[in-house]
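K.L.:
To start, I am sharing the structure in question, which I have written as structure tokens.
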Amino acid sequence: MNIQIICVGKLKENYLRDACDEYAKRLSRYCKFSIIELDECKVPENASDSQIESAIIAEGNKIISKINKNAMVFSMCIEGKQMSSEELAQKIETCAINGTNDIVFLIGGSWGLSKDAKALSDFKLSMSKMTFPHQLARVILCEQIYRCFNIINGGKYHK
């Protein structure tokens, strides 16, 4: 199975990069895992609504261009469904059982994910009602994907 995170922005802090790298290493036992980082669109300090919307659309177009056509697409967005780790693991396992070998998770930039990217998704997923920096959300998502594979394979990581 191929699991990919397509996200806007680069991790600036070493500790966040190290955490994602650690989960990527752990995931290599279960799947082919990769993260595609796309450049954030620059907006002025006091950007207008139209400038922000243009940036969201441009970032969304970059994301869409990287999505494998046969992939199951999960958009990470606040209006998505909240799930337990067990429920997400079951969803990933169901993909595998149904012959879906590619799963893609989308994380937008600091302004969010474009409507077009969300429209392409098969599932909208929310981590929480709380707001997280999108860089931290990436680390949390990596950990949850690792946790899901441990649940699926009966590992001891998930208690």
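Order determines the names: the first chain of the structure tokens is A, the second B, and so forth; residues in each chain are numbered 1 upward, and ligands are numbered 1 upward as they are shown.
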Excluding Lys32 in chain A and any residue of its chain fewer than 2 positions from it, enumerate the residues within 7 Å of it, using only C-alpha atoms, and give them as a list in words.
P.N.:
Met1, Asn2, Ile3, Ser28 and Ser34 of chain A
K.L.:
Could you pull out the residues in range 1-157 of chain A that DSSP calls strand (DSSP E or B) from the backbone, as a ChimeraX atom specification?
P.N.:
/A:2-8,32-38,72-82,102-107,109,112,123-126
K.L.:
Among chain A, which residues carry a DSSP assignment of helix (DSSP H, G or I), reported as a PyMOL selection string?
P.N.:
chain A and resi 14-27+49-66+85-97+115-120+134-152
K.L.:
Can those selected residues be exported to a file as a compact mmCIF listing (two decimals), in the first residue's frame so that it contains C-alpha atoms?
P.N.:
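And here is the file that came out, result.txt:
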```
# COMPACT_ATOMS: atom_id res chain seq x y z
CA ASN A 14 13.91 20.50 13.28
CA TYR A 15 11.88 18.77 15.99
CA LEU A 16 8.83 18.64 13.70
CA ARG A 17 10.88 17.28 10.79
CA ASP A 18 12.50 14.74 13.10
CA ALA A 19 9.08 13.56 14.31
CA CYS A 20 7.76 13.10 10.75
CA ASP A 21 10.98 11.31 9.76
CA GLU A 22 10.63 8.95 12.72
CA TYR A 23 7.06 8.02 11.81
CA ALA A 24 8.06 7.62 8.15
CA LYS A 25 10.79 5.20 9.23
CA ARG A 26 8.36 3.24 11.40
CA LEU A 27 5.77 3.15 8.62
CA ASP A 49 -10.07 38.48 1.04
CA SER A 50 -9.54 38.18 -2.72
CA GLN A 51 -5.76 37.85 -2.30
CA ILE A 52 -6.25 35.12 0.28
CA GLU A 53 -8.78 33.33 -1.94
CA SER A 54 -6.36 33.52 -4.89
CA ALA A 55 -3.62 31.96 -2.75
CA ILE A 56 -5.95 29.16 -1.59
CA ILE A 57 -6.95 28.42 -5.19
CA ALA A 58 -3.33 28.44 -6.42
CA GLU A 59 -2.23 26.12 -3.60
CA GLY A 60 -5.21 23.88 -4.30
CA ASN A 61 -4.26 23.62 -7.98
CA LYS A 62 -0.73 22.57 -6.99
CA ILE A 63 -2.17 19.90 -4.68
CA ILE A 64 -4.59 18.61 -7.31
CA SER A 65 -1.77 18.24 -9.85
CA LYS A 66 0.00 15.78 -7.50
CA SER A 85 -7.97 5.97 15.65
CA GLU A 86 -9.75 2.60 15.43
CA GLU A 87 -12.29 3.99 12.97
CA LEU A 88 -9.58 5.47 10.77
CA ALA A 89 -7.67 2.18 10.90
CA GLN A 90 -10.81 0.36 9.78
CA LYS A 91 -11.25 2.82 6.89
CA ILE A 92 -7.64 2.26 5.76
CA GLU A 93 -8.01 -1.50 6.11
CA THR A 94 -11.25 -1.41 4.08
CA CYS A 95 -9.38 0.44 1.32
CA ALA A 96 -6.79 -2.34 1.22
CA ILE A 97 -9.44 -5.08 1.23
CA LYS A 115 -12.91 23.97 -2.48
CA ASP A 116 -11.69 22.18 -5.61
CA ALA A 117 -9.26 20.00 -3.63
CA LYS A 118 -11.99 19.17 -1.12
CA ALA A 119 -14.39 18.34 -3.97
CA LEU A 120 -11.93 15.72 -5.28
CA HIS A 134 -0.80 23.00 9.85
CA GLN A 135 2.81 22.00 10.55
CA LEU A 136 1.80 20.32 13.81
CA ALA A 137 -1.21 18.78 12.08
CA ARG A 138 1.22 17.01 9.74
CA VAL A 139 3.06 15.43 12.67
CA ILE A 140 -0.21 14.37 14.28
CA LEU A 141 -1.39 12.87 10.98
CA CYS A 142 1.87 10.92 10.57
CA GLU A 143 1.48 9.54 14.09
CA GLN A 144 -2.14 8.56 13.46
CA ILE A 145 -1.29 6.77 10.21
CA TYR A 146 1.40 4.84 12.09
CA ARG A 147 -1.08 4.09 14.88
CA CYS A 148 -3.62 2.84 12.31
CA PHE A 149 -1.17 0.35 10.86
CA ASN A 150 -0.36 -0.87 14.38
CA ILE A 151 -4.06 -1.36 15.07
CA ILE A 152 -4.56 -3.19 11.76
```
K.L.:
Interatomic distance between CA of Lys81 in chain A and CA of Asp122 in chain A?
P.N.:
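Answer for the CA of Lys81 in chain A to CA of Asp122 in chain A separation: 12.0 Å.
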K.L.:
Go through A:Leu11, A:Ile5, A:Ile35, A:Met72 and flag the residue nearest Pro133 in chain A, using only C-alpha atoms for the distances.
P.N.:
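Nearest to Pro133 in chain A: A:Leu11.
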K.L.:
Do a neighbour search on range 36-41 of chain A at 6 Å with only C-alpha atoms, toss out local chain neighbours closer than 4 positions, and write the hits as a list in words.
P.N.:
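Result of the neighbour search: Ile6, Cys7, Val8, Gly9 and Ala55 of chain A.
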K.L.:
For the residues in that selection, give me N, CA and C atoms as a PDB file, in the first residue's frame.
P.N.:
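After the write, result.pdb holds the following:
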```pdb
ATOM      1  N   ILE A   6       0.122  14.979   0.903  1.00  0.00           N
ATOM      2  CA  ILE A   6       0.432  16.128   0.054  1.00  0.00           C
ATOM      3  C   ILE A   6       0.059  17.348   0.878  1.00  0.00           C
ATOM      4  N   CYS A   7       1.040  18.203   1.122  1.00  0.00           N
ATOM      5  CA  CYS A   7       0.800  19.329   2.019  1.00  0.00           C
ATOM      6  C   CYS A   7       1.457  20.603   1.496  1.00  0.00           C
ATOM      7  N   VAL A   8       0.905  21.704   1.957  1.00  0.00           N
ATOM      8  CA  VAL A   8       1.435  23.013   1.590  1.00  0.00           C
ATOM      9  C   VAL A   8       2.330  23.501   2.718  1.00  0.00           C
ATOM     10  N   GLY A   9       3.509  23.929   2.361  1.00  0.00           N
ATOM     11  CA  GLY A   9       4.444  24.473   3.336  1.00  0.00           C
ATOM     12  C   GLY A   9       5.489  23.463   3.764  1.00  0.00           C
ATOM     13  N   ALA A  55      -4.689  32.826  -3.273  1.00  0.00           N
ATOM     14  CA  ALA A  55      -3.623  31.958  -2.755  1.00  0.00           C
ATOM     15  C   ALA A  55      -4.163  30.551  -2.476  1.00  0.00           C
TER      16      ALA A  55
END
```
K.L.:
Have a look at A:Phe74, A:Tyr157, A:Tyr30, A:Phe132 and name the one nearest to Val104 in chain A; count only C-alpha atoms.
P.N.:
A:Phe74
